[in-house]
2 protein chains.
Amino acid sequence: MIKIIPGGICAAKGFKASGVHCGIRKNKEKKDLALIYSEIPAAAAAIYTTNIVKGAPLTVTRKHLENGKAQAIICNSGNANTCNENGIEIAESAAAFLAEGLGIEKEDVVVASTGVIGQPLDIAPFKDGIPSLISSLSDKGSRSAAEAIMTTDTVKKEAAVAFEVGGKACRLGAIAKGSGMICPNMATMLVFITTDCDISSVLLQKALSEDAKKTFNMLSIDGDTSTNDMAVILANGKAGNKKIEKEDENFDIFAKALNLLTVNLCRMLAGDGEGATKLIECKVSGAADEKTAKSVAKSVISSDLVKAAMFGNDANWGRVLCAIGYSGAKTDVSKIDVFFSSAKGKIQVCENGSGVPFSEEQAKKILSEREIEILIELHSGECDATAWGCDLTYDYVKINGDYRT
Amino acid sequence: MIKIIPGGICAAKGFKASGVHCGIRKNKEKKDLALIYSEIPAAAAAIYTTNIVKGAPLTVTRKHLENGKAQAIICNSGNANTCNENGIEIAESAAAFLAEGLGIEKEDVVVASTGVIGQPLDIAPFKDGIPSLISSLSDKGSRSAAEAIMTTDTVKKEAAVAFEVGGKACRLGAIAKGSGMICPNMATMLVFITTDCDISSVLLQKALSEDAKKTFNMLSIDGDTSTNDMAVILANGKAGNKKIEKEDENFDIFAKALNLLTVNLCRMLAGDGEGATKLIECKVSGAADEKTAKSVAKSVISSDLVKAAMFGNDANWGRVLCAIGYSGAKTDVSKIDVFFSSAKGKIQVCENGSGVPFSEEQAKKILSEREIEILIELHSGECDATAWGCDLTYDYVKINGDYRT
C-alpha cells in the first residue's frame with residue numbers, strides 16, 4: 001500500500017521546483033540555486049544541526065518557521081553562508097527577493113545553503129538568478145532542483161512514495177544532498193520533503209523528529225557534524241484527506257510512508273558518501289535496549305578502520321569488535337556474533353566474541369559487492385537498530401585534501 | 001635541568017632489553033618479540049584501554065601488577081591476542097616461560113601484544129624465541145626492542161630524559177609503538193617506560209595516570225580506541241635517590257621529567273600516524289575551563305575533514321570552526337580566533353568567528369611543512385590544552401584497506 005514512485009520533490013500535488021546557475025559557483029555548467037514552491041501555503045516543520053557553529057540560513061529559517069507554515073524553499077550550493085559577518089543579512093535578503101518575485105510573505109520562505117564555510121557571499125547572484133528560477137518553476141523540476149543543491153555529490157538524490165489516508169491518495173517527495181561532513185547528531189544533512197497530505201504542523205514536526213532518530217541520525221559518512229544540516233518538510237493538504245490532527249492510525253500510516261522515504265534517502269546519501277565505492281548497512285539485533293543497539297551500529301559504521309577494511313574487501317572483523325568495544329554501550333562481548341552479508345551470500349566471522357574459521361575467498365567475494373551488510377547479534381535482548389555509512393577510500397582523501405581550491 | 005638524552009628504554013640504570021624474530025610473523029626479517037628486564041624487582045604502574053573488548057594480555061598484566069611490582073615486560077607484535085578463545089592461557093604461558101628462563105616470579109612479568117585482532121595465536125613461537133630473547137638482553141637493546149613491537153609504524157620510537165632528585169642523577173627511558181587504531185580515551189597505546197628513580201608504586205601510578213590525561217589521552221590518529229592499549233612504567237630505584245613517597249617537590253620534578261618524555265612520545269606517535277605526512281598540534285588557549293580546552297583540541301585533531309585539508313595544504317579553517325562547533329564544548333563562536341603556524345610562519349585565518357582576508361599562497365607555504373600548529377584562541381578564560389594528531393592521506397586508506405592480507 002505504501003510504495004516507491006517517481007517524481008521526486010514534485011511527486012506531491014501542488015508542488016513545483018526549479019534549479020538554475022546564478023553565479024555563486026564559477027563553473028557555469030553547474031546549477032547552484034534551487035527553488036521548491038507550493039501553490040498554497042503549507043504546514044511546515046524542520047530539524048537542524050546540533051553544531052553550535054550554525055549557518056546563517058538556519059537562524060533565518062528557524063525564525064520563519066515559528067508559525068509552523070511556509071510556501072517556498074530556496075537553497076544555494078557553492079557557499080555555506082556560515083562564519084560570514086553579514087550572513088544573516090544575505091539570507092534575509094535572498095528570502096525577501098524571492099518572496100517579492102513569488103508574491104508571497106518573506107516569512108514563508110525557508111532559506112538553506114551548502115558549500116564552503118567562511119567564504120564571503122554576495123547578494124548579487126541571488127538577485128540575478130531569482131527571476132529565471134521563478135520563471136522555470138515546473139512540476140517536472142525535481143531533477144533540476146536536486147542538481148542545484150549538489151556539492152561533492154556524484155549523483156542527484158530524489159525519492160518519492162505514494163500512500164493512502166482515509167481512501168485519499170497521498171504522496172511524499174524529496175530531494176537531498178549530502179556527501180561529506182555527515183554525522184547528523186539529532187539533526188540531518190540537507191533534505192527537503194514535500195507532501196500533499198493534510199496534516200497539522202505540530203504532528204508534521206513530531207513525525208519528522210521521531211523519524212530522524214531512526215534514519216538521518218543513524219547515518220555517518222565521516223563523523224563530521226555539519227554546520228548547515230537541515231531537514232524541512234512542507235505539507236500543503238492538496239490530497240484532500242481528512243486533516244491528520246491527532247496520533248491516530250492515519251498518523252501511523254503517514255509516519256510509515258515517511259520512513260520508507262527517509263530510509264531510501266539514507267541509503268542514497270550513504271552510498272554516495274564522498275569517495276565511497278560501497279554502501280554499508282550495519283544491522284544490530286538482540287540488544288538489551290534501543291540506545292545500545294543504536295550506539296553499537298553507529299560506532300561500527302563510523303570507524304575509519306572498519307570503513308577502510310570494507311574498501312579493501314577485507315573481512316577484518318576484529319575491527320568490528322573493537323568498534324563495539326569503544327562504543328560506550330554495555331555489551332557482553334562473549335555473546336557477540338558477527339556476519340558479513342551481500343547479494344553474494346552471508347558468512348559468519350565471529351561467534352560468542354571469538355573468531356570462527358571461514359573461507360577468506362568467500363568473504364572477499366561477499367565484500368566485493370556494492371552494498372554490504374554488517375550483521376551484529378548481541379544475544380542480550382529484543383531491540384535492534386540500523387546505521388548507514390560507506391567505505392573510506394583514496395577518493396575521500398582526494399576530494400577533501402583539496403576541496404576549496 | 002631536565003633534558004633529552006639518548007639510550008631509549010635502557011637509558012635508566014639496571015635495565016636491559018632485547019628483540020628477536022620468534023615466528024609469530026611470517027616475515028623472518030621482522031622482529032616480533034621484545035623483552036625489557038630490570039636487574040632487580042621494580043615498582044610498577046600501568047594504565048589500560050577503556051575499550052571493553054580487551055586483549056587477553058591486559059587481563060593477565062592487570063592481575064600481575066596488583067602488588068605494584070614487576071621485573072620484566074614481554075611484548076609480541078603480529079597478533080593482538082584479542083578475541084581468541086585461549087588468549088588468557090597463551091598470555092599466562094608466555095609469562096611463565098619467560099619467568100622460568102629469567103629465574104623470576106611469573107607474577108612479576110608484564111605481558112603485552114599488538115597486531116591483528118581475532119587471529120589464533122600459538123604458544124610455540126614464544127617457546128622458540130624466549131631463550132634467544134633472554135640471551136641477547138643488553139643495555140644497548142632498546143633499538144631491538146623498539147623494532148620488535150612495531151606494526152604499521154614506519155619508525156621505531158625511543159626516548160629518554162635525565163633529571164635530578166635530591167642531587168642524584170636519575171633517568172627515564174621509553175619505547176612505544178602506535179600508528180593506527182589510536183584514540184586513547186583515558187588510557188593509551190603501547191608505551192613501556194623505565195626509570196632508575198626510586199619512587200613508590202602508588203606515586204608512580206599517580207604520576208602516570210595524571211600525566212596521561214594531558215598527553216596520551218590527547219592523541220588521536222583515527223578515533224579508533226584500540227583493544228590492546230597499555231602504558232606501563234617500571235621504577236627500580238637504582239639511581240639511589242631518597243625514595244619519593246609523598247607529593248613533595250621531588251615528586252613534582254619526577255612528574256615534569258615524565259611529561260617531557262611523554263610529550264616527546266606523543267609527537268613521535270602522531271607524526272608516525274598511519275600514512276601520515278604531517279604532525280599536527282592543536283593548541284587551544286583562553287578556554288573557560290580545562291575540559292573545554294581539551295574537548296575543542298581533541299575534536300579538531302580528530303576531524304577527518306580537517307586532517308584531509310592539512311594533507312592538501314589547504315587552509316580550510318571553516319572545518320576547524322565546524323569541529324569546534326560539534327565538540328560538545330560550550331564556546332562563544334563570535335570570540336574565536338584561528339591561526340595556522342609552522343616553521344614557515346604564522347597566519348590568522350579567522351577573527352571573532354568570521355573569516356579575515358589572508359594570502360592563500362602564504363597559507364599554503366606554512367601548511368606544506370612537516371609540523372603544523374593549529375592555534376585556537378577562545379577569549380573566554382585562562383585554560384589551555386594541546387592535542388596531537390596527523391593528516392589523513394591516501395596511504396592511511398592503503399594501509400588499512402588491506403592490513404591483514
# chains A, B, ... in the order shown; residues from 1 in each chain; ligands from 1
>>> residues_around(residues="stretch 264-268 of chain A", least_positions_apart="6", cutoff="8 Å", atoms="only C-alpha atoms", output="PyMOL selection string")
chain A and resi 157-159+176+215-216+219+279+388
>>> interface_residues(of="chain B", to="chain A", cutoff="7 Å", atoms="only C-alpha atoms", output="MDAnalysis selection string")
chainID B and resid 51:53 83:85 117:118 222 224:227 303:305 308:309 311:312 314 318 321:322 325:326 333 353:355 392:394 397 400:402
>>> residues_around(residues="A:Asn259", least_positions_apart="5", cutoff="10 Å", atoms="only C-alpha atoms", output="ChimeraX atom specification")
/A:161,207-208,210-212,214-215,253-254,264-265
>>> write_last_selection(atoms="all heavy atoms", output="short mmCIF file (atom, residue, chain, number, x, y, z; two decimals), in the first residue's frame")
data_model
loop_
_atom_site.label_atom_id
_atom_site.label_comp_id
_atom_site.auth_asym_id
_atom_site.auth_seq_id
_atom_site.Cartn_x
_atom_site.Cartn_y
_atom_site.Cartn_z
N VAL A 161 7.23 8.57 -2.45
CA VAL A 161 6.39 7.40 -2.12
C VAL A 161 4.91 7.80 -2.21
O VAL A 161 4.56 8.96 -2.01
CB VAL A 161 6.68 6.83 -0.70
CG1 VAL A 161 8.13 6.38 -0.59
CG2 VAL A 161 6.34 7.81 0.39
N ALA A 207 6.33 13.82 13.51
CA ALA A 207 6.67 12.73 12.59
C ALA A 207 8.11 12.86 12.11
O ALA A 207 8.87 11.88 12.10
CB ALA A 207 5.71 12.73 11.40
N LEU A 208 8.52 14.07 11.75
CA LEU A 208 9.87 14.30 11.24
C LEU A 208 10.91 14.06 12.33
O LEU A 208 11.91 13.37 12.12
CB LEU A 208 9.99 15.73 10.68
CG LEU A 208 11.34 16.12 10.09
CD1 LEU A 208 11.69 15.26 8.88
CD2 LEU A 208 11.36 17.61 9.72
N GLU A 210 10.71 12.32 15.18
CA GLU A 210 10.78 10.92 15.60
C GLU A 210 11.48 10.06 14.53
O GLU A 210 12.31 9.21 14.84
CB GLU A 210 9.37 10.36 15.85
CG GLU A 210 8.71 10.87 17.12
CD GLU A 210 9.52 10.54 18.37
OE1 GLU A 210 9.93 9.38 18.52
OE2 GLU A 210 9.76 11.46 19.18
N ASP A 211 11.11 10.32 13.29
CA ASP A 211 11.68 9.53 12.22
C ASP A 211 13.20 9.74 12.11
O ASP A 211 13.95 8.79 11.88
CB ASP A 211 11.01 9.88 10.88
CG ASP A 211 11.49 8.96 9.78
OD1 ASP A 211 11.07 7.79 9.78
OD2 ASP A 211 12.32 9.38 8.95
N ALA A 212 13.63 10.99 12.28
CA ALA A 212 15.06 11.31 12.12
C ALA A 212 15.93 10.53 13.10
O ALA A 212 17.06 10.17 12.80
CB ALA A 212 15.29 12.81 12.29
N LYS A 214 15.67 7.52 13.90
CA LYS A 214 15.94 6.17 13.37
C LYS A 214 16.58 6.20 11.99
O LYS A 214 17.01 5.16 11.49
CB LYS A 214 14.62 5.38 13.27
CG LYS A 214 13.98 5.07 14.60
CD LYS A 214 12.63 4.39 14.39
CE LYS A 214 11.63 5.33 13.76
NZ LYS A 214 10.27 4.77 13.60
N THR A 215 16.58 7.36 11.36
CA THR A 215 17.07 7.40 9.97
C THR A 215 18.26 8.36 9.84
O THR A 215 19.41 7.92 9.94
CB THR A 215 15.93 7.79 9.02
OG1 THR A 215 15.36 9.04 9.44
CG2 THR A 215 14.86 6.72 9.02
N ILE A 253 0.12 5.73 9.46
CA ILE A 253 0.36 5.49 8.03
C ILE A 253 1.32 6.56 7.48
O ILE A 253 2.26 6.25 6.75
CB ILE A 253 -0.98 5.52 7.24
CG1 ILE A 253 -1.82 4.29 7.61
CG2 ILE A 253 -0.72 5.56 5.72
CD1 ILE A 253 -3.26 4.36 7.11
N PHE A 254 1.05 7.81 7.85
CA PHE A 254 1.92 8.89 7.39
C PHE A 254 3.36 8.64 7.84
O PHE A 254 4.32 8.78 7.07
CB PHE A 254 1.41 10.24 7.91
CG PHE A 254 2.26 11.39 7.44
CD1 PHE A 254 2.12 11.91 6.16
CD2 PHE A 254 3.22 11.95 8.27
CE1 PHE A 254 2.91 12.96 5.70
CE2 PHE A 254 4.03 13.00 7.83
CZ PHE A 254 3.88 13.51 6.55
N ASN A 264 15.12 5.34 2.24
CA ASN A 264 15.64 5.40 0.87
C ASN A 264 16.66 6.52 0.71
O ASN A 264 17.69 6.34 0.07
CB ASN A 264 14.49 5.59 -0.10
CG ASN A 264 14.15 4.30 -0.80
OD1 ASN A 264 14.79 3.96 -1.78
ND2 ASN A 264 13.20 3.57 -0.24
N LEU A 265 16.35 7.67 1.29
CA LEU A 265 17.28 8.80 1.20
C LEU A 265 18.59 8.48 1.93
O LEU A 265 19.67 8.79 1.45
CB LEU A 265 16.64 10.06 1.80
CG LEU A 265 15.48 10.66 0.99
CD1 LEU A 265 14.81 11.77 1.80
CD2 LEU A 265 15.93 11.20 -0.36
#
>>> residues_around(residues="stretch 287-296 of chain A", least_positions_apart="3", cutoff="7 Å", atoms="only C-alpha atoms", output="PDB file with all heavy atoms, in the first residue's frame")
ATOM      1  N   VAL A 284      22.126  -4.115  13.890  1.00  0.00           N
ATOM      2  CA  VAL A 284      22.367  -4.693  15.209  1.00  0.00           C
ATOM      3  C   VAL A 284      21.067  -5.258  15.741  1.00  0.00           C
ATOM      4  O   VAL A 284      20.037  -4.584  15.705  1.00  0.00           O
ATOM      5  CB  VAL A 284      22.912  -3.622  16.177  1.00  0.00           C
ATOM      6  CG1 VAL A 284      23.037  -4.174  17.585  1.00  0.00           C
ATOM      7  CG2 VAL A 284      24.250  -3.098  15.669  1.00  0.00           C
ATOM      8  N   SER A 299      28.675   3.251  16.014  1.00  0.00           N
ATOM      9  CA  SER A 299      30.120   3.179  16.274  1.00  0.00           C
ATOM     10  C   SER A 299      30.818   2.369  15.178  1.00  0.00           C
ATOM     11  O   SER A 299      31.870   2.757  14.675  1.00  0.00           O
ATOM     12  CB  SER A 299      30.362   2.552  17.654  1.00  0.00           C
ATOM     13  OG  SER A 299      31.731   2.561  17.981  1.00  0.00           O
ATOM     14  N   VAL A 300      30.219   1.244  14.806  1.00  0.00           N
ATOM     15  CA  VAL A 300      30.818   0.384  13.774  1.00  0.00           C
ATOM     16  C   VAL A 300      30.855   1.108  12.426  1.00  0.00           C
ATOM     17  O   VAL A 300      31.876   1.128  11.734  1.00  0.00           O
ATOM     18  CB  VAL A 300      30.046  -0.950  13.654  1.00  0.00           C
ATOM     19  CG1 VAL A 300      30.496  -1.740  12.430  1.00  0.00           C
ATOM     20  CG2 VAL A 300      30.241  -1.774  14.930  1.00  0.00           C
ATOM     21  N   ILE A 324      32.732  -1.963  18.542  1.00  0.00           N
ATOM     22  CA  ILE A 324      31.661  -2.260  19.505  1.00  0.00           C
ATOM     23  C   ILE A 324      32.183  -1.945  20.910  1.00  0.00           C
ATOM     24  O   ILE A 324      31.510  -1.331  21.724  1.00  0.00           O
ATOM     25  CB  ILE A 324      31.210  -3.737  19.426  1.00  0.00           C
ATOM     26  CG1 ILE A 324      30.625  -4.062  18.053  1.00  0.00           C
ATOM     27  CG2 ILE A 324      30.212  -4.064  20.541  1.00  0.00           C
ATOM     28  CD1 ILE A 324      30.348  -5.554  17.815  1.00  0.00           C
ATOM     29  N   SER A 327      32.235   1.743  21.835  1.00  0.00           N
ATOM     30  CA  SER A 327      31.012   2.482  21.503  1.00  0.00           C
ATOM     31  C   SER A 327      30.394   3.168  22.714  1.00  0.00           C
ATOM     32  O   SER A 327      29.550   4.040  22.571  1.00  0.00           O
ATOM     33  CB  SER A 327      29.971   1.529  20.914  1.00  0.00           C
ATOM     34  OG  SER A 327      29.551   0.598  21.903  1.00  0.00           O
ATOM     35  N   ALA A 329      28.546   1.560  24.716  1.00  0.00           N
ATOM     36  CA  ALA A 329      27.404   0.717  25.078  1.00  0.00           C
ATOM     37  C   ALA A 329      27.885  -0.450  25.931  1.00  0.00           C
ATOM     38  O   ALA A 329      28.988  -0.963  25.732  1.00  0.00           O
ATOM     39  CB  ALA A 329      26.726   0.189  23.819  1.00  0.00           C
ATOM     40  N   LEU A 378      23.657  -9.415  19.389  1.00  0.00           N
ATOM     41  CA  LEU A 378      24.214  -9.256  20.747  1.00  0.00           C
ATOM     42  C   LEU A 378      23.682 -10.301  21.730  1.00  0.00           C
ATOM     43  O   LEU A 378      24.230 -10.453  22.831  1.00  0.00           O
ATOM     44  CB  LEU A 378      23.913  -7.847  21.277  1.00  0.00           C
ATOM     45  CG  LEU A 378      24.523  -6.691  20.467  1.00  0.00           C
ATOM     46  CD1 LEU A 378      24.054  -5.340  21.046  1.00  0.00           C
ATOM     47  CD2 LEU A 378      26.041  -6.742  20.461  1.00  0.00           C
ATOM     48  N   HIS A 379      22.605 -10.995  21.379  1.00  0.00           N
ATOM     49  CA  HIS A 379      22.019 -12.035  22.237  1.00  0.00           C
ATOM     50  C   HIS A 379      21.777 -11.556  23.664  1.00  0.00           C
ATOM     51  O   HIS A 379      22.065 -12.267  24.628  1.00  0.00           O
ATOM     52  CB  HIS A 379      22.929 -13.278  22.263  1.00  0.00           C
ATOM     53  CG  HIS A 379      22.995 -14.005  20.971  1.00  0.00           C
ATOM     54  ND1 HIS A 379      21.918 -14.654  20.414  1.00  0.00           N
ATOM     55  CD2 HIS A 379      24.017 -14.172  20.086  1.00  0.00           C
ATOM     56  CE1 HIS A 379      22.261 -15.213  19.253  1.00  0.00           C
ATOM     57  NE2 HIS A 379      23.534 -14.922  19.020  1.00  0.00           N
ATOM     58  N   SER A 380      21.284 -10.329  23.796  1.00  0.00           N
ATOM     59  CA  SER A 380      21.048  -9.793  25.142  1.00  0.00           C
ATOM     60  C   SER A 380      19.672  -9.169  25.290  1.00  0.00           C
ATOM     61  O   SER A 380      19.377  -8.562  26.322  1.00  0.00           O
ATOM     62  CB  SER A 380      22.108  -8.739  25.473  1.00  0.00           C
ATOM     63  OG  SER A 380      23.391  -9.306  25.457  1.00  0.00           O
ATOM     64  N   GLY A 381      18.831  -9.269  24.260  1.00  0.00           N
ATOM     65  CA  GLY A 381      17.500  -8.678  24.388  1.00  0.00           C
ATOM     66  C   GLY A 381      16.798  -8.653  23.049  1.00  0.00           C
ATOM     67  O   GLY A 381      17.124  -9.428  22.144  1.00  0.00           O
ATOM     68  N   GLU A 382      15.832  -7.750  22.928  1.00  0.00           N
ATOM     69  CA  GLU A 382      14.927  -7.761  21.779  1.00  0.00           C
ATOM     70  C   GLU A 382      15.063  -6.546  20.868  1.00  0.00           C
ATOM     71  O   GLU A 382      14.348  -6.428  19.882  1.00  0.00           O
ATOM     72  CB  GLU A 382      13.469  -7.795  22.294  1.00  0.00           C
ATOM     73  CG  GLU A 382      13.141  -8.977  23.201  1.00  0.00           C
ATOM     74  CD  GLU A 382      13.168 -10.293  22.443  1.00  0.00           C
ATOM     75  OE1 GLU A 382      12.739 -10.310  21.277  1.00  0.00           O
ATOM     76  OE2 GLU A 382      13.656 -11.298  23.020  1.00  0.00           O
ATOM     77  N   CYS A 383      15.960  -5.603  21.207  1.00  0.00           N
ATOM     78  CA  CYS A 383      15.986  -4.340  20.454  1.00  0.00           C
ATOM     79  C   CYS A 383      16.975  -4.374  19.301  1.00  0.00           C
ATOM     80  O   CYS A 383      17.988  -5.063  19.353  1.00  0.00           O
ATOM     81  CB  CYS A 383      16.327  -3.192  21.392  1.00  0.00           C
ATOM     82  SG  CYS A 383      15.021  -2.918  22.597  1.00  0.00           S
ATOM     83  N   ASP A 384      16.622  -3.629  18.249  1.00  0.00           N
ATOM     84  CA  ASP A 384      17.538  -3.568  17.112  1.00  0.00           C
ATOM     85  C   ASP A 384      17.676  -2.145  16.577  1.00  0.00           C
ATOM     86  O   ASP A 384      16.953  -1.242  16.979  1.00  0.00           O
ATOM     87  CB  ASP A 384      17.120  -4.541  16.005  1.00  0.00           C
ATOM     88  CG  ASP A 384      15.664  -4.367  15.637  1.00  0.00           C
ATOM     89  OD1 ASP A 384      15.149  -3.236  15.772  1.00  0.00           O
ATOM     90  OD2 ASP A 384      15.033  -5.355  15.234  1.00  0.00           O
ATOM     91  N   ALA A 385      18.621  -1.951  15.688  1.00  0.00           N
ATOM     92  CA  ALA A 385      18.849  -0.645  15.059  1.00  0.00           C
ATOM     93  C   ALA A 385      19.673  -0.862  13.800  1.00  0.00           C
ATOM     94  O   ALA A 385      20.409  -1.835  13.686  1.00  0.00           O
ATOM     95  CB  ALA A 385      19.586   0.293  16.002  1.00  0.00           C
TER      96      ALA A 385
END
>>> select_by_dssp(residues="stretch 360-391 of chain A", states="alpha helix (DSSP H)", output="ChimeraX atom specification")
/A:360-367
>>> write_last_selection(atoms="all heavy atoms", output="mmCIF file, in the first residue's frame")
data_model
loop_
_atom_site.group_PDB
_atom_site.id
_atom_site.type_symbol
_atom_site.label_atom_id
_atom_site.label_comp_id
_atom_site.auth_asym_id
_atom_site.auth_seq_id
_atom_site.Cartn_x
_atom_site.Cartn_y
_atom_site.Cartn_z
ATOM 1 N N GLU A 360 38.276 -17.215 3.454
ATOM 2 C CA GLU A 360 38.651 -15.837 3.109
ATOM 3 C C GLU A 360 38.205 -15.517 1.691
ATOM 4 O O GLU A 360 37.817 -14.392 1.380
ATOM 5 C CB GLU A 360 40.177 -15.647 3.222
ATOM 6 C CG GLU A 360 40.715 -15.681 4.648
ATOM 7 C CD GLU A 360 40.517 -14.369 5.406
ATOM 8 O OE1 GLU A 360 40.078 -13.369 4.803
ATOM 9 O OE2 GLU A 360 40.795 -14.364 6.617
ATOM 10 N N GLU A 361 38.246 -16.536 0.840
ATOM 11 C CA GLU A 361 37.863 -16.345 -0.557
ATOM 12 C C GLU A 361 36.387 -15.951 -0.666
ATOM 13 O O GLU A 361 36.021 -14.998 -1.344
ATOM 14 C CB GLU A 361 38.130 -17.650 -1.316
ATOM 15 C CG GLU A 361 38.197 -17.524 -2.818
ATOM 16 C CD GLU A 361 38.265 -18.907 -3.463
ATOM 17 O OE1 GLU A 361 38.561 -19.888 -2.724
ATOM 18 O OE2 GLU A 361 38.007 -19.024 -4.662
ATOM 19 N N GLN A 362 35.554 -16.722 0.068
ATOM 20 C CA GLN A 362 34.125 -16.432 0.046
ATOM 21 C C GLN A 362 33.842 -15.053 0.645
ATOM 22 O O GLN A 362 33.002 -14.298 0.148
ATOM 23 C CB GLN A 362 33.361 -17.517 0.827
ATOM 24 C CG GLN A 362 31.870 -17.562 0.462
ATOM 25 C CD GLN A 362 31.042 -18.237 1.537
ATOM 26 O OE1 GLN A 362 31.562 -19.005 2.346
ATOM 27 N NE2 GLN A 362 29.755 -17.957 1.554
ATOM 28 N N ALA A 363 34.561 -14.728 1.737
ATOM 29 C CA ALA A 363 34.372 -13.433 2.387
ATOM 30 C C ALA A 363 34.704 -12.297 1.420
ATOM 31 O O ALA A 363 33.970 -11.315 1.315
ATOM 32 C CB ALA A 363 35.242 -13.345 3.643
ATOM 33 N N LYS A 364 35.804 -12.428 0.701
ATOM 34 C CA LYS A 364 36.196 -11.404 -0.277
ATOM 35 C C LYS A 364 35.124 -11.229 -1.348
ATOM 36 O O LYS A 364 34.830 -10.118 -1.771
ATOM 37 C CB LYS A 364 37.518 -11.784 -0.974
ATOM 38 C CG LYS A 364 38.764 -11.327 -0.257
ATOM 39 C CD LYS A 364 39.799 -10.732 -1.213
ATOM 40 C CE LYS A 364 41.023 -10.223 -0.477
ATOM 41 N NZ LYS A 364 40.768 -9.224 0.564
ATOM 42 N N LYS A 365 34.546 -12.355 -1.770
ATOM 43 C CA LYS A 365 33.509 -12.315 -2.799
ATOM 44 C C LYS A 365 32.296 -11.537 -2.277
ATOM 45 O O LYS A 365 31.750 -10.673 -2.960
ATOM 46 C CB LYS A 365 33.109 -13.744 -3.174
ATOM 47 C CG LYS A 365 32.683 -13.918 -4.612
ATOM 48 C CD LYS A 365 32.536 -15.394 -4.977
ATOM 49 C CE LYS A 365 31.100 -15.833 -4.968
ATOM 50 N NZ LYS A 365 30.907 -17.258 -5.199
ATOM 51 N N ILE A 366 31.900 -11.847 -1.049
ATOM 52 C CA ILE A 366 30.749 -11.162 -0.438
ATOM 53 C C ILE A 366 31.034 -9.665 -0.296
ATOM 54 O O ILE A 366 30.209 -8.827 -0.623
ATOM 55 C CB ILE A 366 30.428 -11.799 0.939
ATOM 56 C CG1 ILE A 366 29.833 -13.199 0.731
ATOM 57 C CG2 ILE A 366 29.504 -10.907 1.754
ATOM 58 C CD1 ILE A 366 29.719 -14.025 1.992
ATOM 59 N N LEU A 367 32.241 -9.338 0.152
ATOM 60 C CA LEU A 367 32.560 -7.934 0.430
ATOM 61 C C LEU A 367 32.856 -7.127 -0.829
ATOM 62 O O LEU A 367 32.935 -5.898 -0.773
ATOM 63 C CB LEU A 367 33.742 -7.846 1.393
ATOM 64 C CG LEU A 367 33.495 -8.390 2.809
ATOM 65 C CD1 LEU A 367 34.744 -8.257 3.659
ATOM 66 C CD2 LEU A 367 32.330 -7.659 3.481
#
>>> residues_around(residues="stretch 32-44 of chain A", least_positions_apart="3", cutoff="6 Å", atoms="only C-alpha atoms", output="number ranges by chain")
A: 14-21, 68-77, 145, 148, 201, 233-236
>>> residues_around(residues="B:Ile47", least_positions_apart="6", cutoff="7 Å", atoms="only C-alpha atoms", output="PyMOL selection string")
chain B and resi 187+209+230-232
>>> write_last_selection(atoms="C-alpha atoms", output="tab-separated table (two decimals), in the first residue's frame")
chain	number	residue	atom	x	y	z
B	187	ALA	CA	44.30	5.07	28.51
B	209	SER	CA	47.68	8.47	35.39
B	230	MET	CA	48.59	-0.08	27.64
B	231	ALA	CA	51.25	2.11	29.22
B	232	VAL	CA	53.49	0.50	31.81
>>> atom_distance(atom1="atom CA of B:Cys282", atom2="atom CA of B:Thr386")
5.6 Å
>>> select_by_dssp(residues="stretch 149-282 of chain A", states="strand (DSSP E or B)", output="number ranges by chain")
A: 157-165, 168-177, 190-195, 199, 219, 230-235, 244, 279-282
